[in-house]
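Please read the structure below before turning to the comments.
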Amino acid sequence: MMTEAFYPIGTPGQPWGDAETSEWLSRQTRQRSYAVDVLSVIDRLRSRFEVVEYGRLDYAPDAYPLLAIRSRNWRDDLPCMLVTGGVHGYETSGVHGALQFVDQHAADYEGRANLLVAPCVSPWAYERVHRWNPQAIDPNRSFRADSPAPESAALMRLVAPQRDGMLMHIDLHETTDTDESEFRPALAARDGKPSEPGEIPDGFYTVGDTENPQPAFQQAVIAAVAKVTHIAPADGNGEIIGSPVVAPGVINYPLKQLGLCAGITNARYTTTTEVYPDSPRATPEQCNAAQVAAVCAAIDFALAHPA
Ligand SMILES: [Zn+2]
């Protein structure tokens, strides 16, 4: 027998209003510090890279500067590469993988590529280990014109000048056990829909663009990450999180149509990484290393296949 699990906020079948959103917000607590974990790390990179403040989130009593890291010698004749992390604040290795990439590998691309890295797009959610912003909006469904999420709008403004000039964009994410235990039920409750149980895959996978899948590019990322951590197998239906597996460890979504971060440019090569941090077979260090391997492989592939 199926037991229907009701989310503790709202009335089943009815979308949340302001009262329910406020109740949800009142339950969110700060569990870690963006200033300590992210801003201090970026400060240490300032001697080697350009740091730009591309926006500021004022969520009283808290305020969050939005920072991006750029190649110091930005040259118009070089291909541009975009790395984003922390669009979902709770997906820790996306944030720290992006920062680790800059620290360990960004200098290797000096004179070959222009790099733009936004390591923590949603810092309020980073601190609360949550998926949404304080308005209970998922920034990663909000990369569209007149975005309701300030996190998404700010990143779109940052990237706008290179929207057509970007060659590659890799957006760093995780798929976690809390997706199934907390975030999917919360989403269903917020929208007044039934919560349908799903499976969380054990391992790494990527999400390419249905409209521009670039399978060789996706496989280059998978091959690099497979040296660091295991790749998610397809489930009994040949799927990962409800989408057909089109190649080992790869599914596709219509990125722009869904308002996903990886669709914010017209880059030839786009992908979303999904690291699984709750695997008994993966440590936090491995998860960060998997993100770094994915970023390097994505840039290397793009440099080798520029047109
Ligand atoms: Zn995510």
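In the structure tokens, chains take letters A, B, ... by order of appearance, with residues numbered from 1 within each chain and ligands from 1 in the order shown.
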Restrict the calculation to only C-alpha atoms and all ligand atoms, then for each residue of chain A with any atom at most 8 Å from an atom of ligand 1 give the closest atom pair and their distance in Å to one decimal, rows by chain and rising residue number, as a Markdown table.
| residue | atom | partner | partner_atom_place_in_ligand_line | distance |
| --- | --- | --- | --- | --- |
| A:Gly86 | CA | ligand 1 | 1 (Zn) | 7.8 |
| A:Val87 | CA | ligand 1 | 1 (Zn) | 6.7 |
| A:His88 | CA | ligand 1 | 1 (Zn) | 4.8 |
| A:Glu91 | CA | ligand 1 | 1 (Zn) | 6.3 |
| A:Arg131 | CA | ligand 1 | 1 (Zn) | 7.4 |
| A:Asn140 | CA | ligand 1 | 1 (Zn) | 7.3 |
| A:Leu172 | CA | ligand 1 | 1 (Zn) | 7.5 |
| A:His173 | CA | ligand 1 | 1 (Zn) | 4.4 |
| A:Glu174 | CA | ligand 1 | 1 (Zn) | 5.4 |
| A:Thr175 | CA | ligand 1 | 1 (Zn) | 6.5 |
| A:Glu274 | CA | ligand 1 | 1 (Zn) | 7.3 |
**OP:** Determine, counting only C-alpha atoms, which protein, DNA and RNA residues have an atom within 8 Å of an atom of segment 42-57 of chain A; residues of the same chain fewer than 5 positions away are not included. Present the result as a VMD selection string.
**Re:** chain A and resid 63 to 72 99 103 150 to 151 154 to 155 158
Nearby residues (only C-alpha atoms) at most 12 Å from Asp76 of chain A, same-chain spacing under 3 positions excluded, as an mmCIF file with N, CA, C and O atoms, in the first residue's frame:
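So the final result, stored in around33.cif, reads:
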data_model
loop_
_atom_site.group_PDB
_atom_site.id
_atom_site.type_symbol
_atom_site.label_atom_id
_atom_site.label_comp_id
_atom_site.auth_asym_id
_atom_site.auth_seq_id
_atom_site.Cartn_x
_atom_site.Cartn_y
_atom_site.Cartn_z
ATOM 1 N N SER A 71 39.278 35.676 -16.121
ATOM 2 C CA SER A 71 40.679 35.700 -16.554
ATOM 3 C C SER A 71 41.169 37.142 -16.519
ATOM 4 O O SER A 71 40.449 38.066 -16.903
ATOM 5 N N ASN A 73 43.709 38.491 -18.248
ATOM 6 C CA ASN A 73 44.009 39.008 -19.592
ATOM 7 C C ASN A 73 42.940 38.550 -20.570
ATOM 8 O O ASN A 73 43.172 37.677 -21.390
ATOM 9 N N PRO A 79 38.442 32.073 -27.281
ATOM 10 C CA PRO A 79 37.108 31.552 -26.970
ATOM 11 C C PRO A 79 36.769 31.762 -25.493
ATOM 12 O O PRO A 79 37.649 31.719 -24.631
ATOM 13 N N CYS A 80 35.476 31.991 -25.215
ATOM 14 C CA CYS A 80 35.021 32.259 -23.848
ATOM 15 C C CYS A 80 34.350 31.011 -23.265
ATOM 16 O O CYS A 80 33.576 30.340 -23.952
ATOM 17 N N GLY A 111 45.918 32.631 -21.944
ATOM 18 C CA GLY A 111 46.357 32.774 -23.336
ATOM 19 C C GLY A 111 45.649 31.841 -24.309
ATOM 20 O O GLY A 111 45.887 31.897 -25.509
ATOM 21 N N ARG A 112 44.799 30.947 -23.795
ATOM 22 C CA ARG A 112 44.076 30.015 -24.679
ATOM 23 C C ARG A 112 42.567 30.219 -24.615
ATOM 24 O O ARG A 112 41.849 29.896 -25.559
ATOM 25 N N ALA A 113 42.067 30.689 -23.476
ATOM 26 C CA ALA A 113 40.622 30.867 -23.306
ATOM 27 C C ALA A 113 40.362 31.987 -22.308
ATOM 28 O O ALA A 113 41.160 32.229 -21.395
ATOM 29 N N ASN A 114 39.239 32.653 -22.492
ATOM 30 C CA ASN A 114 38.733 33.587 -21.482
ATOM 31 C C ASN A 114 37.791 32.813 -20.572
ATOM 32 O O ASN A 114 36.828 32.211 -21.049
ATOM 33 N N LEU A 115 38.057 32.845 -19.268
ATOM 34 C CA LEU A 115 37.226 32.105 -18.319
ATOM 35 C C LEU A 115 36.383 33.068 -17.498
ATOM 36 O O LEU A 115 36.873 34.094 -17.018
ATOM 37 N N PRO A 161 26.671 40.201 -22.229
ATOM 38 C CA PRO A 161 27.589 40.649 -23.296
ATOM 39 C C PRO A 161 28.233 39.494 -24.064
ATOM 40 O O PRO A 161 28.617 39.657 -25.219
ATOM 41 N N GLN A 162 28.370 38.325 -23.420
ATOM 42 C CA GLN A 162 28.986 37.171 -24.097
ATOM 43 C C GLN A 162 27.957 36.110 -24.493
ATOM 44 O O GLN A 162 28.312 34.963 -24.753
ATOM 45 N N GLY A 165 28.848 34.975 -27.755
ATOM 46 C CA GLY A 165 30.284 34.733 -27.916
ATOM 47 C C GLY A 165 30.815 33.594 -27.063
ATOM 48 O O GLY A 165 31.977 33.220 -27.175
ATOM 49 N N MET A 166 29.985 33.034 -26.187
ATOM 50 C CA MET A 166 30.450 31.962 -25.306
ATOM 51 C C MET A 166 30.554 30.674 -26.117
ATOM 52 O O MET A 166 29.636 30.333 -26.869
#
Subject >> Coordinates-based distance that separates atom CA of Thr283 of chain A from atom CA of Ile137 of chain A (Å, one decimal) >> reply: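 If I compute the distance from atom CA of Ile137 of chain A to atom CA of Thr283 of chain A, I get 29.6 Å.
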Original post:
Closest to Val129 of chain A among A:Ser40, A:Ser279, A:Asn266, A:Thr178, using only C-alpha atoms?
Top reply: A:Thr178
**OP:** Can you check which residues of segment 115-176 of chain A DSSP gives as helix (DSSP H, G or I) on the backbone and send them as a PyMOL selection string?
**Re:** chain A and resi 123-128+139-141+150-162
Subject >> Residue among A:Pro148, A:Gly203, A:Pro15, A:Pro119 lying closest to Phe101 of chain A, counting only C-alpha atoms >> reply: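 Closest candidate: A:Pro119.
In terms of minimum interatomic distance to Trp16 of chain A, A:Ala189 ranks closest within A:Ala297, A:Ala189, A:Val275, A:Ala106, counting only C-alpha atoms.
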**OP:** Please give the complete set of residues from segment 44-261 of chain A that DSSP, run on the backbone, assigns to strand (DSSP E), formatted as a PyMOL selection string.
**Re:** chain A and resi 50-59+62-70+80-85+114-118+166-174+205-209+239-240+243-244+250-253
Subject >> 12 Å contact set for Gly94 of chain A, only C-alpha atoms, chain neighbours under 4 positions out, as a ChimeraX atom specification >> reply: /A:38,83-90,98-101,117-122,126,170-175,272-277,284-285,287-292,294-295
Original post:
Taking into account only C-alpha atoms, which residue in the set A:Gly259, A:Gly236, A:Gly198, A:Pro306 is nearest to Ser142 of chain A?
Top reply: A:Gly259
Could you pull the residues within 12 Å of Glu199 of chain A, counting only C-alpha atoms, minus those fewer than 6 positions along the same chain, as an mmCIF file with C-alpha atoms, in the first residue's frame?
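So result_35.cif came out as:
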data_model
loop_
_atom_site.group_PDB
_atom_site.id
_atom_site.type_symbol
_atom_site.label_atom_id
_atom_site.label_comp_id
_atom_site.auth_asym_id
_atom_site.auth_seq_id
_atom_site.Cartn_x
_atom_site.Cartn_y
_atom_site.Cartn_z
ATOM 1 C CA THR A 175 21.515 15.162 -7.172
ATOM 2 C CA THR A 176 21.042 14.368 -3.481
ATOM 3 C CA ASP A 177 18.975 12.095 -1.275
ATOM 4 C CA THR A 178 17.280 15.232 0.085
ATOM 5 C CA ASP A 179 15.879 15.839 -3.411
ATOM 6 C CA GLU A 180 13.619 12.884 -2.780
ATOM 7 C CA SER A 181 13.081 13.298 0.993
ATOM 8 C CA ARG A 184 10.458 17.177 -4.364
ATOM 9 C CA ALA A 232 25.192 6.530 -12.637
ATOM 10 C CA PRO A 233 23.632 3.479 -14.269
ATOM 11 C CA ALA A 234 20.227 3.678 -15.930
ATOM 12 C CA ASP A 235 17.338 2.421 -13.799
ATOM 13 C CA GLY A 236 15.055 -0.501 -14.720
ATOM 14 C CA ASN A 237 13.259 1.681 -17.274
ATOM 15 C CA GLU A 239 16.105 6.191 -17.356
ATOM 16 C CA ILE A 240 17.773 8.555 -14.913
ATOM 17 C CA ILE A 241 15.358 10.731 -12.886
ATOM 18 C CA GLY A 242 12.583 9.944 -15.345
ATOM 19 C CA SER A 243 14.459 10.827 -18.556
#
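Straight-line separation from atom CA of Glu182 of chain A to atom CA of His130 of chain A: 9.6 Å.
Taking atom CA of Ala302 of chain A and atom CA of His230 of chain A as the two end points, the separation is 23.5 Å.
In this comparison, which uses only C-alpha atoms, the residue of A:Leu39, A:Ala149, A:Leu260, A:Ala125 approaching His96 of chain A most closely is A:Leu39.
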